[in-house]
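> Sending over a structure as structure tokens; questions will come in a sec.
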Amino acid sequence: MTTYLIRRIATILPTLVFVTMLIFGLQQLLPGDPALVLAGEEQDPQVIAYLRERMHLDEPLPMQYLYWVGGVLQGDLGESIRSQQPVLELILQKLPVTVELAVLAMLIALLIGIPAGIVSAVRQGTAWDYAANGFALWGLSMPNFWLGILMILLFSVHLGWLPASGYVEPWVDPVANLKAMLMPAFVLGTNVAAVLMRHTRSAMLQVMNADYVRTARAKGLSRRVVILRHALRNALTPVITLGALELGTLLSGAVLTEQVFTIPGFGKLIVDSVFNRDYAVVQGVVLVTGTAYILLNLLADIAYVIVNPRLRS
Amino acid sequence: MSGAAQVADVAGASAVAGSSPAAGPWRRALRRLGRRKPALLGLAVVVFFIACALLAPWLSPYDPIATSWGAIRKGPSAAHWFGTDELGRDVLARVIWGTRASLAAGVISVSISIAIGVPIGLAAGFVGGLTDGLISRVTDAFLAVPFLILAIAMAAFLGPSLTNAMIAIGISATPIFVRLTRAQVINVKVEDYVEAARALGNPPWRIAIRHVLPNVIAPLIVQTTLAIATAIIAEASLSFLGLGQQPPSPSWGSMLNTAKNYMDQAPWMAIWPGLAIFVLVLAFNLLGDGLRDALDPRGR
């Protein structure tokens with residue numbers, strides 16, 4: 001297991017290096033002199049000179065990268081041109097809101113996707129199966145920002161049950177927080193629910209034909225026990241790890257969901273930074289997202305090996 | 001759906017290529033596709049939208065950017081079937097013309113992904129060794145950043161426009177094609193017919209292009225269809241955020257962006273462009289699912 005861990009961690013290091021190169025490279029897409037573009041419309045010579053010095057623009061490109069990555073390793077992701085705050089501080093302020101949204105969305109996705117996948121596999125070829133498959137196709141094809149708009153129309157504008165926008169911190173008013181997060185979390189969770197449903201269905205179908213499930217049936221165990229104790233337990237392992245990898249979908253979706261429901265999270269931060277031409281914040285958000293995804297991927301792999309003793313060798 | 005899951009999903013379609021070297025498998029796959037009603041429905045809807053995009057000047061009842069101060073936010077009526085927007089523009093005309101931006105974004109960005117991703121994946125899988133290691137690590141780095149966030153960041157640095165959105169989406173979707181092509185090539189390059197081509201003295205580039213590439217096309221076709229669906233949603237998302245098609249040119253995403261400010265007064269502004277995105281993406285997904293089943297005999 002230790003050897004596996006060392007080998008697995010060693011494989012993510014080059015990926016992390018390439019992620020930093022990719023994000024640093026984004027800056028090269030800016031048309032013209034980065035200092036002039038980043039200085040904004042005022043083009044204050046002092047700001048331009050400060051940016052030149054800070055970004056080491058007079059040095060060759062590889063040196064600029066090394067300076068930048070050196071700063072990143074010390075937790076210095078740059079400074080927001082707009083708010084003059086360190087980028088890392090800004091991200092850490094917004095991150096809890098998005099994490100709450102993502103966790104609630106994942107809960108909703110698990111509550112819908114896994115039972116739908118089980119029912120679909122157990123009742124293969126019936127109306128239940130068609131309905132569950134129809135739901136998955138709907139979830140994968142529905143643009144979540146449109147679903148958000150439709151839900152606001154129904155539940156906020158027409159019925160007046162839930163707030164259309166805004167965010168209340170959970171420790172200030174937990175009920176108001178849940179009310180504000182319910183629609184966004186559902187909107188964000190539907191796509192992942194569809195993916196989980198498809199994975200659960202195919203994993204269950206595979207497991208239901210396995211010898212040990214047939215043996216359990218032959219022993220005379222009830223259908224419920226066979227499905228829940230023998231089939232589901234084994235089918236869920238890959239589904240849960242694949243679910244962890246859906247974090248990327250949740251983070252991408254959060255950008256749009258937070259925009260529709262005006263939630264002051266990580267996604268709204270990147271969009272606002274894009275329009276404020278606050279490129280250091282954009283780079284910081286992409287870097288944090290990429291690193292989080294790689295680490296989560298690593299944790300999912302380790303968890304998979306832990307629950308699958310056969311893979312340890 | 002995550003990139004890895006998508007790759008795994010479409011990889012099964014490679015079985016058609018390996019089943020027989022003759023033209024038979026393709027004809028059989030086409031026949032299987034013809035028997036799948038949902039896929040045919042998807043194809044019909046895609047053809048309908050293509051026709052709308054091509055015939056927009058003749059189908060559109062009004063000029064999509066002509067404002068009318070006397071018809072601001074009017075509900076659906078005989079004169080304006082889908083109603084009008086905040087500047088009095090006809091929503092139906094804008095939905096019809098918006099088809100062009102969505103389809104162009106879907107097709108062009110996926111063409112960019114294929115043009116870059118397939119040759120790189122072919123090289124990685126065929127050459128192997130250090131080249132493969134390097135390409136795989138770079139691909140992993142791209143796949144580590146969520147697709148839409150990478151597209152947003154690229155579109156932000158390139159500047160907001162439909163062309164830049166298509167480039168950003170195309171580059172962000174490239175790693176999926178690299179990974180899929182590489183995985184398929186690794187499977188195919190050990191087949192007997194590739195060994196035979198090598199034994200006959202063919203140069204490596206010729207073996208890669210003439211013998212390996214044609215045999216990895218089936219899963220790439222499936223991936224292309226599904227990637228177009230993803231690219232259409234991505235373009236609508238970027239336009240919704242203001243990073244895609246710029247006003248006053250019509251785009252479904254930017255129409256929804258405006259519509260969300262008038263939800264209580266003019267809900268029709270939000271219904272039609274969203275429905276158009278949903279139906280077109282659903283059609284491509286139905287077609288993609290049908291193609292995967294048709295091209296993968298094991299799925300029967």
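Each chain of the structure tokens is named A, B, ... in the order shown, its residues numbered from 1; ligands are numbered from 1 in display order.
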Among the residues of segment 86-304 of chain A, find those DSSP assigns to helix (DSSP H, G or I) from the backbone and print them as a VMD selection string.

chain A and resid 87 to 122 127 to 141 144 to 158 174 to 208 211 to 218 223 to 245 247 to 261 266 to 275 279 to 304

> Please identify every residue of chain A that has at least one atom no more than 6 Å from any atom of chain B, counting only C-alpha atoms, and report them as a VMD selection string.

chain A and resid 15 18 to 19 29 to 30 141 to 142 146 248 252 274 290 293 to 294

> Output C-alpha atoms for every residue in the selection just made, as a JSON list (two decimals), in the first residue's frame.


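Okay, again-v9.json is ready:
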```
[["chain", "number", "residue", "atom", "x", "y", "z"],
["A", 15, "THR", "CA", 0.60, 16.85, -13.75],
["A", 18, "PHE", "CA", 1.90, 21.14, -16.19],
["A", 19, "VAL", "CA", -1.21, 22.66, -14.58],
["A", 29, "LEU", "CA", -3.01, 34.83, -24.57],
["A", 30, "LEU", "CA", -3.45, 38.50, -23.65],
["A", 141, "SER", "CA", -29.22, 17.78, -21.83],
["A", 142, "MET", "CA", -30.68, 20.48, -19.59],
["A", 146, "TRP", "CA", -32.03, 27.59, -17.90],
["A", 248, "GLY", "CA", -15.32, 19.22, -11.83],
["A", 252, "SER", "CA", -18.19, 24.30, -13.59],
["A", 274, "VAL", "CA", -13.29, 38.34, -15.88],
["A", 290, "GLY", "CA", -7.20, 22.31, -10.86],
["A", 293, "TYR", "CA", -9.48, 18.27, -8.65],
["A", 294, "ILE", "CA", -6.10, 16.50, -8.81]]
```

> Do you know which residues are at most 9 Å from Pro264 of chain A counting only C-alpha atoms, after dropping those on the same chain fewer than 3 positions away, and could you put them as a list in words?

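Here the answer would be Lys94, Val97, Thr98, Gly166, Tyr167, Glu258, Gln259, Gly267, Lys268 and Leu269 of chain A.
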
> Could the residues in this selection be written to a file with C-alpha atoms, as a short mmCIF file (atom, residue, chain, number, x, y, z; two decimals), in the first residue's frame?


```cif
data_model
loop_
_atom_site.label_atom_id
_atom_site.label_comp_id
_atom_site.auth_asym_id
_atom_site.auth_seq_id
_atom_site.Cartn_x
_atom_site.Cartn_y
_atom_site.Cartn_z
CA LYS A 94 -15.59 32.82 -1.26
CA VAL A 97 -20.09 29.30 0.01
CA THR A 98 -19.31 27.21 -3.08
CA GLY A 166 -29.27 36.09 -2.35
CA TYR A 167 -27.33 34.22 0.30
CA GLU A 258 -24.13 31.25 -8.67
CA GLN A 259 -24.62 33.74 -11.50
CA GLY A 267 -18.03 30.90 -9.40
CA LYS A 268 -19.31 34.44 -9.13
CA LEU A 269 -15.78 35.54 -8.19
#
```

> Any idea what's packed within 7 Å of Ser161 of chain B, counting only C-alpha atoms, ignoring anything in its chain fewer than 5 positions away? Could you give it as number ranges by chain?

B: 243-246

> So that I can check the surroundings of segment 66-77 of chain A, please list as a PyMOL selection string every protein, DNA and RNA residue that reaches within 12 Å of it, counting only C-alpha atoms and ignoring chain neighbours fewer than 6 positions away.

chain A and resi 16-25+27+53-57+59-60+85-92+279-288+291

> Write the residues you've just listed into a file as a short mmCIF file (atom, residue, chain, number, x, y, z; two decimals), in the first residue's frame, and include N, CA and C atoms for each of them.


```cif
data_model
loop_
_atom_site.label_atom_id
_atom_site.label_comp_id
_atom_site.auth_asym_id
_atom_site.auth_seq_id
_atom_site.Cartn_x
_atom_site.Cartn_y
_atom_site.Cartn_z
N LEU A 16 0.78 18.33 -11.82
CA LEU A 16 0.67 19.62 -11.13
C LEU A 16 1.57 20.67 -11.78
N VAL A 17 2.79 20.24 -12.17
CA VAL A 17 3.71 21.18 -12.83
C VAL A 17 3.09 21.67 -14.14
N PHE A 18 2.51 20.74 -14.92
CA PHE A 18 1.90 21.14 -16.19
C PHE A 18 0.68 22.05 -15.97
N VAL A 19 -0.06 21.79 -14.88
CA VAL A 19 -1.21 22.66 -14.58
C VAL A 19 -0.71 24.09 -14.34
N THR A 20 0.37 24.23 -13.58
CA THR A 20 0.88 25.59 -13.33
C THR A 20 1.36 26.23 -14.64
N MET A 21 1.99 25.40 -15.52
CA MET A 21 2.44 25.95 -16.81
C MET A 21 1.26 26.42 -17.65
N LEU A 22 0.19 25.60 -17.63
CA LEU A 22 -1.01 25.94 -18.40
C LEU A 22 -1.60 27.26 -17.91
N ILE A 23 -1.67 27.40 -16.59
CA ILE A 23 -2.29 28.60 -16.03
C ILE A 23 -1.40 29.82 -16.23
N PHE A 24 -0.10 29.63 -16.11
CA PHE A 24 0.82 30.73 -16.39
C PHE A 24 0.71 31.11 -17.87
N GLY A 25 0.56 30.07 -18.71
CA GLY A 25 0.47 30.29 -20.16
C GLY A 25 -0.75 31.11 -20.57
N GLN A 27 -1.76 33.79 -19.45
CA GLN A 27 -1.34 35.19 -19.50
C GLN A 27 -0.79 35.57 -20.89
N GLU A 53 7.56 45.18 -12.73
CA GLU A 53 8.51 44.70 -11.73
C GLU A 53 7.97 43.45 -11.03
N ARG A 54 6.68 43.51 -10.67
CA ARG A 54 6.08 42.39 -9.94
C ARG A 54 6.06 41.12 -10.77
N MET A 55 5.74 41.27 -12.08
CA MET A 55 5.63 40.09 -12.93
C MET A 55 6.95 39.75 -13.61
N HIS A 56 7.99 40.49 -13.33
CA HIS A 56 9.32 40.26 -13.92
C HIS A 56 9.25 40.23 -15.44
N LEU A 57 8.51 41.18 -16.01
CA LEU A 57 8.28 41.13 -17.46
C LEU A 57 9.53 41.41 -18.29
N GLU A 59 12.31 39.95 -17.75
CA GLU A 59 13.09 38.71 -17.76
C GLU A 59 12.56 37.79 -18.86
N PRO A 60 13.36 36.76 -19.25
CA PRO A 60 12.85 35.80 -20.24
C PRO A 60 11.65 35.02 -19.66
N GLN A 85 -6.68 43.17 -2.67
CA GLN A 85 -6.55 42.10 -1.69
C GLN A 85 -5.70 40.98 -2.28
N PRO A 86 -4.97 40.22 -1.44
CA PRO A 86 -4.28 39.04 -1.99
C PRO A 86 -5.31 38.07 -2.57
N VAL A 87 -4.96 37.47 -3.72
CA VAL A 87 -5.90 36.58 -4.42
C VAL A 87 -6.30 35.40 -3.54
N LEU A 88 -5.32 34.83 -2.83
CA LEU A 88 -5.61 33.66 -2.00
C LEU A 88 -6.65 34.00 -0.92
N GLU A 89 -6.50 35.19 -0.36
CA GLU A 89 -7.44 35.64 0.68
C GLU A 89 -8.87 35.73 0.10
N LEU A 90 -8.95 36.33 -1.10
CA LEU A 90 -10.25 36.47 -1.77
C LEU A 90 -10.89 35.10 -2.00
N ILE A 91 -10.06 34.17 -2.51
CA ILE A 91 -10.57 32.83 -2.82
C ILE A 91 -11.04 32.14 -1.54
N LEU A 92 -10.23 32.24 -0.48
CA LEU A 92 -10.61 31.58 0.78
C LEU A 92 -11.88 32.17 1.39
N TYR A 279 -7.11 39.63 -13.92
CA TYR A 279 -6.62 38.35 -14.42
C TYR A 279 -5.92 37.50 -13.36
N ALA A 280 -5.30 38.15 -12.37
CA ALA A 280 -4.62 37.37 -11.33
C ALA A 280 -5.64 36.52 -10.56
N VAL A 281 -6.83 37.08 -10.35
CA VAL A 281 -7.88 36.32 -9.65
C VAL A 281 -8.34 35.15 -10.52
N VAL A 282 -8.52 35.42 -11.84
CA VAL A 282 -8.94 34.35 -12.76
C VAL A 282 -7.93 33.21 -12.69
N GLN A 283 -6.62 33.56 -12.78
CA GLN A 283 -5.58 32.52 -12.73
C GLN A 283 -5.63 31.78 -11.39
N GLY A 284 -5.84 32.53 -10.30
CA GLY A 284 -5.88 31.93 -8.97
C GLY A 284 -7.02 30.93 -8.85
N VAL A 285 -8.20 31.31 -9.35
CA VAL A 285 -9.36 30.42 -9.26
C VAL A 285 -9.10 29.14 -10.06
N VAL A 286 -8.53 29.30 -11.27
CA VAL A 286 -8.27 28.11 -12.10
C VAL A 286 -7.25 27.21 -11.42
N LEU A 287 -6.23 27.82 -10.82
CA LEU A 287 -5.18 27.04 -10.15
C LEU A 287 -5.75 26.26 -8.96
N VAL A 288 -6.55 26.93 -8.15
CA VAL A 288 -7.13 26.26 -6.97
C VAL A 288 -8.06 25.13 -7.41
N THR A 291 -5.92 22.17 -8.82
CA THR A 291 -5.22 21.46 -7.74
C THR A 291 -6.20 20.64 -6.91
#
```

> Could you list, as a list of chain:residue names, every residue within 12 Å of Met208 of chain A, counting only C-alpha atoms and ignoring same-chain residues fewer than 4 positions away?

A:Ile118, A:Ala121, A:Val122, A:Arg123, A:Gln124, A:Thr200, A:Arg201, A:Ser202, A:Ala203, A:Met204, A:Tyr212, A:Val213, A:Arg214, A:Thr215, A:Ala216, A:Arg217, A:Arg223, A:Val226, A:Ile227, A:Leu228, A:Arg229, A:His230, A:Ala231, A:Leu232, A:Arg233, A:Asn234, A:Ala235

> By how many Å are atom CA of Leu296 of chain A and atom CA of Ile186 of chain B apart?

27.5 Å

> Measuring atom to atom with only C-alpha atoms, identify which of A:Leu188, A:Leu236, A:Ile48, A:Val168 is nearest to Gly253 of chain A.

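Closest candidate: A:Leu188.
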
> From the set B:Val222, B:Trp81, B:Trp205, B:Pro248, which residue has the shortest atom-to-atom contact distance to Thr67 of chain B, counting only C-alpha atoms?

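Answer, going by the shortest atom-to-atom distance: B:Pro248.
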
> Mind checking which residues fall within 7 Å of segment 211-213 of chain B, counting only C-alpha atoms, ignoring those fewer than 5 positions away in the same chain, and posting them as a list in words?

Val185, Val188, Lys189 and Val194 of chain B

> Got time to write the residues from that selection, C-alpha atoms, as a PDB file, in the first residue's frame?


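For reference, again_8.pdb as written:
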```pdb
ATOM      1  CA  VAL B 185      -4.557   3.315 -30.922  1.00  0.00           C
ATOM      2  CA  VAL B 188      -5.349  -1.398 -32.376  1.00  0.00           C
ATOM      3  CA  LYS B 189      -1.590  -1.226 -32.898  1.00  0.00           C
ATOM      4  CA  VAL B 194      -0.861  -3.759 -38.200  1.00  0.00           C
TER       5      VAL B 194
END
```

> Could you state the separation of atom CA of Ala53 of chain B and atom CA of Ser251 of chain B in Å, given to one decimal place?

12.0 Å
